[in-house]
Amino acid sequence: MKNATAKSICVLGLGYVGLPTAAVLASRGYTVRGVEVNEEAATIINSGAAHIVEPELDILVEAAVQTGRLKAFPDPAEADVFLLCVPTPLNGHEPDLSYVETATRSICPFLRAGNLVVLESTSPPGTTEMIAEIIGEHTKLRPGEVFVAHAPERVLPGKVLREVVENDRVIGGVDDASTEACLQFYSTFVSGTIHPTNARMAETAKLVENAYRDVNIAFANELSMVCEELQLDVWELLRLANRHPRVDILSPGTGVGGHCIAVDPWFLIHKTGDTARMMIAARQVNDAKPRWLVNRIKQRAERFKRPRIACLGLAYKPDIDDLRESPALQVAKELMSSLDAEIRIVEPNLESHPEFSLWSCEAALADADMVVVLVAHTKFKKIPANLLAEKIIIDPAGALR
Ligand SMILES: NC(=O)c1ccc[n+]([C@@H]2O[C@H](COP(=O)([O-])OP(=O)(O)OC[C@H]3O[C@@H](n4cnc5c(N)ncnc54)[C@H](O)[C@@H]3O)[C@@H](O)[C@H]2O)c1
């Protein structure tokens, strides 16, 4: 098979990465078999809708399903290209590759010579080689007969459809022929520059990108704690230090959350142990920030008998509804469980939450003793000053500045 002329694609895992990718491929004329083990998600997709929130994805999925170019199934089938977009979570601080292993074994009965298998999931170095080994063990194909490569995904939620196509991609095969086959396939729908390398380098590059962000945010978070001890305003400190032409310190916040920056550095640390000392320290600093903040809030609350505290924001970053690994959620839960206070949770991006009743911003602020802005949502930045007057304000992300 020449991959530039591949016709049928099997996408395993129709989540935040797999579904937009499948829909984009269908829109480019490929016949896409989506494989999704979550029956409910597959049913929604086959009805022509998206089960995840992502701008314009519904429209693209509807068109792909209506034209018959995308359909979700519980199992794989023969295809020219197989894309693995399954989860790679952490189990404690250890990577859990069981989804990648299961998905790889599930395609083995359908693999033919000339097929391309691409791992899109964020994975520790060596995972793509592991996939090639599983294929070697579970098929009669000889090494080199199937192309195996890694093409890590770098999309930003909220901009996924554009970024799937426009982002630069780093692509690395387990051998040169796999790199070339993968490059040919991605160049049929990616307009960004494709950078060929080998599989281990591609895996590591993706992890380093997020570890870099983690380390830089940790520095800012550490400064915010240092400033508290020195009784200095961290925002003024950053403003002054960033006047240096070669200094660009990031902003502190409640901590680091989400499914990427808080997770991916562990994939590298797991492989290198204590050699990755700065990455370990960054994880520890960022993970410690929510607990430090809880202690600060408790100290400030001591003067009240039973304070009314408006906690603004639960998401892991501004203007989204995603709560995965959210430090704001951690702070809210710890305050609820360890402080005798009326904790008023506000999250304008959520309709409801299974554990908390959510307050409107206005109701939470009225007669509150303290206001803690856990997430710099745009809505909070616009809170009129008179609604905050005479309240104790704790603003770790600088939303009210
Ligand atoms: N979401 C992002 O913004 C983003 C960005 C870059 C990289 N990534 C990486 O991409 C990978 C996927 O992330 P996601 O956010 O799309 O996850 P997700 O949980 O949204 O989707 C994964 C899907 O795979 C399905 N699945 C699990 N095992 C399967 C199997 N054996 N066969 C078929 N389907 C199976 C799940 O039911 C789920 O719907 C992860 O490695 C993640 O780190 C995600």
# chains A, B, ... in the order shown; residues from 1 in each chain; ligands from 1
>>> residues_near_ligand(ligand="ligand 1", cutoff="7 Å", atoms="only C-alpha atoms and all ligand atoms", output="CSV table (one decimal) with N, CA, C and O atoms, in the first residue's frame")
chain,number,residue,atom,x,y,z
A,12,LEU,N,-9.1,3.8,16.7
A,12,LEU,CA,-9.5,3.2,18.0
A,12,LEU,C,-9.5,4.2,19.1
A,12,LEU,O,-8.4,4.8,19.4
A,13,GLY,N,-10.6,4.4,19.7
A,13,GLY,CA,-10.8,5.4,20.8
A,13,GLY,C,-11.3,6.7,20.2
A,13,GLY,O,-10.6,7.4,19.6
A,14,LEU,N,-12.7,6.9,20.4
A,14,LEU,CA,-13.3,8.1,19.8
A,14,LEU,C,-13.6,9.1,20.9
A,14,LEU,O,-14.7,9.5,21.2
A,15,GLY,N,-12.5,9.6,21.6
A,15,GLY,CA,-12.6,10.6,22.6
A,15,GLY,C,-12.2,11.9,22.1
A,15,GLY,O,-12.4,12.3,20.9
A,16,TYR,N,-11.6,12.7,23.0
A,16,TYR,CA,-11.2,14.1,22.6
A,16,TYR,C,-10.2,14.2,21.5
A,16,TYR,O,-10.2,15.2,20.7
A,17,VAL,N,-9.4,13.2,21.3
A,17,VAL,CA,-8.4,13.1,20.2
A,17,VAL,C,-9.0,12.3,19.0
A,17,VAL,O,-9.0,12.8,17.9
A,18,GLY,N,-9.5,11.1,19.3
A,18,GLY,CA,-9.9,10.2,18.3
A,18,GLY,C,-11.1,10.7,17.4
A,18,GLY,O,-11.1,10.6,16.2
A,35,VAL,N,-13.6,2.9,16.3
A,35,VAL,CA,-13.8,1.8,17.3
A,35,VAL,C,-13.9,2.4,18.6
A,35,VAL,O,-13.0,3.1,19.1
A,36,GLU,N,-15.0,2.1,19.3
A,36,GLU,CA,-15.3,2.7,20.6
A,36,GLU,C,-15.9,1.7,21.5
A,36,GLU,O,-17.0,1.2,21.2
A,37,VAL,N,-15.2,1.4,22.7
A,37,VAL,CA,-15.7,0.4,23.6
A,37,VAL,C,-16.9,1.0,24.5
A,37,VAL,O,-17.6,0.2,25.1
A,38,ASN,N,-17.0,2.3,24.6
A,38,ASN,CA,-18.1,2.9,25.3
A,38,ASN,C,-19.3,3.0,24.4
A,38,ASN,O,-19.4,3.8,23.5
A,85,CYS,N,-5.9,5.9,19.6
A,85,CYS,CA,-6.1,7.2,20.3
A,85,CYS,C,-6.8,6.9,21.6
A,85,CYS,O,-7.7,7.5,22.1
A,86,VAL,N,-6.3,5.9,22.3
A,86,VAL,CA,-6.9,5.4,23.5
A,86,VAL,C,-6.2,6.1,24.7
A,86,VAL,O,-5.1,6.7,24.6
A,87,PRO,N,-6.8,6.0,25.9
A,87,PRO,CA,-6.2,6.7,27.1
A,87,PRO,C,-4.9,6.1,27.5
A,87,PRO,O,-4.6,4.9,27.4
A,88,THR,N,-4.0,6.9,28.1
A,88,THR,CA,-2.8,6.5,28.7
A,88,THR,C,-2.7,7.2,30.1
A,88,THR,O,-2.0,8.1,30.3
A,99,TYR,N,-4.5,0.1,28.1
A,99,TYR,CA,-5.4,0.5,27.0
A,99,TYR,C,-4.7,0.3,25.7
A,99,TYR,O,-5.3,-0.1,24.7
A,102,THR,N,-4.3,-3.5,25.0
A,102,THR,CA,-5.5,-4.1,24.6
A,102,THR,C,-5.9,-3.7,23.2
A,102,THR,O,-6.3,-4.5,22.3
A,103,ALA,N,-5.8,-2.4,22.9
A,103,ALA,CA,-6.2,-1.9,21.5
A,103,ALA,C,-5.2,-2.5,20.5
A,103,ALA,O,-5.7,-2.9,19.4
A,120,GLU,N,-1.2,7.6,18.6
A,120,GLU,CA,-1.3,9.0,18.8
A,120,GLU,C,-1.3,9.4,20.3
A,120,GLU,O,-1.1,10.5,20.6
A,121,SER,N,-1.6,8.4,21.1
A,121,SER,CA,-1.7,8.6,22.6
A,121,SER,C,-0.3,9.1,23.1
A,121,SER,O,0.7,8.5,22.7
A,122,THR,N,-0.4,9.9,24.1
A,122,THR,CA,0.9,10.4,24.8
A,122,THR,C,1.4,9.2,25.6
A,122,THR,O,0.7,8.6,26.4
A,123,SER,N,2.7,8.8,25.4
A,123,SER,CA,3.2,7.6,25.9
A,123,SER,C,4.6,7.7,26.3
A,123,SER,O,5.4,8.4,25.8
A,152,PRO,N,2.5,11.9,18.1
A,152,PRO,CA,1.8,12.4,19.3
A,152,PRO,C,0.9,13.6,18.9
A,152,PRO,O,1.3,14.4,18.1
A,153,GLU,N,-0.2,13.7,19.6
A,153,GLU,CA,-1.2,14.7,19.4
A,153,GLU,C,-0.9,15.9,20.3
A,153,GLU,O,-0.5,15.7,21.5
A,154,ARG,N,-1.0,17.1,19.8
A,154,ARG,CA,-0.7,18.3,20.6
A,154,ARG,C,-1.9,19.3,20.7
A,154,ARG,O,-1.7,20.5,20.9
A,155,VAL,N,-3.1,18.8,20.4
A,155,VAL,CA,-4.2,19.7,20.3
A,155,VAL,C,-4.6,20.3,21.6
A,155,VAL,O,-4.4,19.8,22.7
A,156,LEU,N,-5.2,21.5,21.5
A,156,LEU,CA,-5.6,22.3,22.6
A,156,LEU,C,-7.2,22.2,22.7
A,156,LEU,O,-7.8,22.6,21.7
A,157,PRO,N,-7.8,21.7,23.7
A,157,PRO,CA,-9.2,21.6,23.8
A,157,PRO,C,-9.8,23.0,23.5
A,157,PRO,O,-9.3,24.0,24.0
A,259,HIS,N,-5.2,16.9,32.1
A,259,HIS,CA,-4.8,15.5,31.9
A,259,HIS,C,-3.4,15.5,31.2
A,259,HIS,O,-3.0,14.4,30.8
A,260,CYS,N,-2.8,16.6,30.9
A,260,CYS,CA,-1.5,16.6,30.2
A,260,CYS,C,-0.3,17.1,31.1
A,260,CYS,O,0.5,16.3,31.5
>>> select_by_dssp(residues="segment 328-377 of chain A", states="alpha helix (DSSP H)", output="ChimeraX atom specification")
/A:328-338,361-365
>>> write_last_selection(atoms="N, CA and C atoms", output="PDB file, in the first residue's frame")
ATOM      1  N   ALA A 328      -8.302  23.444  41.689  1.00  0.00           N
ATOM      2  CA  ALA A 328      -9.399  24.222  42.280  1.00  0.00           C
ATOM      3  C   ALA A 328     -10.399  23.273  42.936  1.00  0.00           C
ATOM      4  N   LEU A 329     -10.675  22.172  42.273  1.00  0.00           N
ATOM      5  CA  LEU A 329     -11.592  21.178  42.836  1.00  0.00           C
ATOM      6  C   LEU A 329     -11.014  20.608  44.131  1.00  0.00           C
ATOM      7  N   GLN A 330      -9.703  20.379  44.131  1.00  0.00           N
ATOM      8  CA  GLN A 330      -9.042  19.848  45.332  1.00  0.00           C
ATOM      9  C   GLN A 330      -9.191  20.817  46.499  1.00  0.00           C
ATOM     10  N   VAL A 331      -8.960  22.109  46.226  1.00  0.00           N
ATOM     11  CA  VAL A 331      -9.074  23.121  47.284  1.00  0.00           C
ATOM     12  C   VAL A 331     -10.509  23.148  47.812  1.00  0.00           C
ATOM     13  N   ALA A 332     -11.475  23.170  46.887  1.00  0.00           N
ATOM     14  CA  ALA A 332     -12.883  23.240  47.306  1.00  0.00           C
ATOM     15  C   ALA A 332     -13.233  22.043  48.190  1.00  0.00           C
ATOM     16  N   LYS A 333     -12.802  20.851  47.758  1.00  0.00           N
ATOM     17  CA  LYS A 333     -13.139  19.641  48.538  1.00  0.00           C
ATOM     18  C   LYS A 333     -12.474  19.677  49.913  1.00  0.00           C
ATOM     19  N   GLU A 334     -11.213  20.103  49.964  1.00  0.00           N
ATOM     20  CA  GLU A 334     -10.510  20.121  51.257  1.00  0.00           C
ATOM     21  C   GLU A 334     -11.138  21.140  52.200  1.00  0.00           C
ATOM     22  N   LEU A 335     -11.550  22.283  51.666  1.00  0.00           N
ATOM     23  CA  LEU A 335     -12.199  23.280  52.524  1.00  0.00           C
ATOM     24  C   LEU A 335     -13.512  22.725  53.066  1.00  0.00           C
ATOM     25  N   MET A 336     -14.274  22.082  52.183  1.00  0.00           N
ATOM     26  CA  MET A 336     -15.566  21.502  52.588  1.00  0.00           C
ATOM     27  C   MET A 336     -15.390  20.509  53.729  1.00  0.00           C
ATOM     28  N   SER A 337     -14.319  19.700  53.621  1.00  0.00           N
ATOM     29  CA  SER A 337     -14.197  18.592  54.572  1.00  0.00           C
ATOM     30  C   SER A 337     -13.443  18.994  55.841  1.00  0.00           C
ATOM     31  N   SER A 338     -12.722  20.125  55.824  1.00  0.00           N
ATOM     32  CA  SER A 338     -11.865  20.383  56.986  1.00  0.00           C
ATOM     33  C   SER A 338     -12.080  21.746  57.631  1.00  0.00           C
ATOM     34  N   CYS A 361     -22.721  33.363  40.918  1.00  0.00           N
ATOM     35  CA  CYS A 361     -21.645  34.218  41.412  1.00  0.00           C
ATOM     36  C   CYS A 361     -22.217  35.318  42.312  1.00  0.00           C
ATOM     37  N   GLU A 362     -23.304  35.910  41.861  1.00  0.00           N
ATOM     38  CA  GLU A 362     -23.879  37.037  42.596  1.00  0.00           C
ATOM     39  C   GLU A 362     -24.342  36.591  43.987  1.00  0.00           C
ATOM     40  N   ALA A 363     -25.046  35.442  44.035  1.00  0.00           N
ATOM     41  CA  ALA A 363     -25.566  34.958  45.326  1.00  0.00           C
ATOM     42  C   ALA A 363     -24.418  34.583  46.264  1.00  0.00           C
ATOM     43  N   ALA A 364     -23.364  33.988  45.710  1.00  0.00           N
ATOM     44  CA  ALA A 364     -22.239  33.566  46.553  1.00  0.00           C
ATOM     45  C   ALA A 364     -21.511  34.764  47.145  1.00  0.00           C
ATOM     46  N   LEU A 365     -21.428  35.842  46.369  1.00  0.00           N
ATOM     47  CA  LEU A 365     -20.685  37.020  46.844  1.00  0.00           C
ATOM     48  C   LEU A 365     -21.471  37.818  47.884  1.00  0.00           C
TER      49      LEU A 365
END
>>> closest_atom_pairs(of="segment 309-337 of chain A", to="segment 347-354 of chain A", cutoff="8 Å", atoms="only C-alpha atoms", output="Markdown table")
| residue | atom | partner | partner_atom | distance |
| --- | --- | --- | --- | --- |
| A:Leu312 | CA | A:Glu347 | CA | 6.5 |
| A:Gly313 | CA | A:Glu347 | CA | 4.8 |
| A:Leu314 | CA | A:Glu347 | CA | 5.8 |
| A:Ala315 | CA | A:Glu347 | CA | 7.5 |
| A:Asp319 | CA | A:Asn349 | CA | 7.0 |
| A:Ile320 | CA | A:Asn349 | CA | 6.3 |
| A:Asp321 | CA | A:Asn349 | CA | 5.1 |
>>> closest_residue(among="A:Gly192, A:Ala79, A:Val208, A:Pro245", to="Met279 of chain A", atoms="only C-alpha atoms")
A:Val208
>>> residues_around(residues="Tyr30 of chain A", least_positions_apart="6", cutoff="10 Å", atoms="only C-alpha atoms", output="list in words")
Thr5, Ala6, Lys7, Ser8, Ile9, Ala22, Ala23, Val24, Ala64, Arg69 and Leu70 of chain A
>>> write_last_selection(atoms="N, CA, C and O atoms", output="compact mmCIF listing (two decimals), in the first residue's frame")
# COMPACT_ATOMS: atom_id res chain seq x y z
N THR A 5 -2.27 6.90 -0.70
CA THR A 5 -3.50 6.49 -1.37
C THR A 5 -4.34 5.59 -0.46
O THR A 5 -5.23 4.91 -0.94
N ALA A 6 -4.02 5.60 0.85
CA ALA A 6 -4.83 4.80 1.78
C ALA A 6 -6.28 5.25 1.68
O ALA A 6 -6.57 6.42 1.51
N LYS A 7 -7.16 4.29 1.78
CA LYS A 7 -8.59 4.64 1.66
C LYS A 7 -9.35 4.42 2.96
O LYS A 7 -10.21 5.18 3.31
N SER A 8 -9.01 3.35 3.66
CA SER A 8 -9.81 3.05 4.85
C SER A 8 -8.96 3.18 6.11
O SER A 8 -7.81 2.74 6.15
N ILE A 9 -9.56 3.82 7.11
CA ILE A 9 -8.84 4.09 8.36
C ILE A 9 -9.66 3.52 9.50
O ILE A 9 -10.89 3.64 9.52
N ALA A 22 -11.00 11.40 13.54
CA ALA A 22 -11.82 10.56 12.66
C ALA A 22 -12.71 11.42 11.76
O ALA A 22 -12.85 11.16 10.56
N ALA A 23 -13.32 12.47 12.36
CA ALA A 23 -14.23 13.32 11.59
C ALA A 23 -13.48 14.10 10.52
O ALA A 23 -13.96 14.25 9.38
N VAL A 24 -12.27 14.58 10.87
CA VAL A 24 -11.46 15.32 9.88
C VAL A 24 -11.07 14.37 8.74
O VAL A 24 -11.17 14.72 7.55
N ALA A 64 -20.05 13.66 8.53
CA ALA A 64 -19.28 12.42 8.28
C ALA A 64 -20.18 11.19 8.38
O ALA A 64 -20.08 10.26 7.57
N ARG A 69 -19.25 8.12 5.69
CA ARG A 69 -17.78 7.99 5.77
C ARG A 69 -17.28 7.70 7.18
O ARG A 69 -16.13 7.36 7.37
N LEU A 70 -18.14 7.88 8.19
CA LEU A 70 -17.74 7.56 9.58
C LEU A 70 -18.84 6.76 10.25
O LEU A 70 -20.02 7.14 10.20
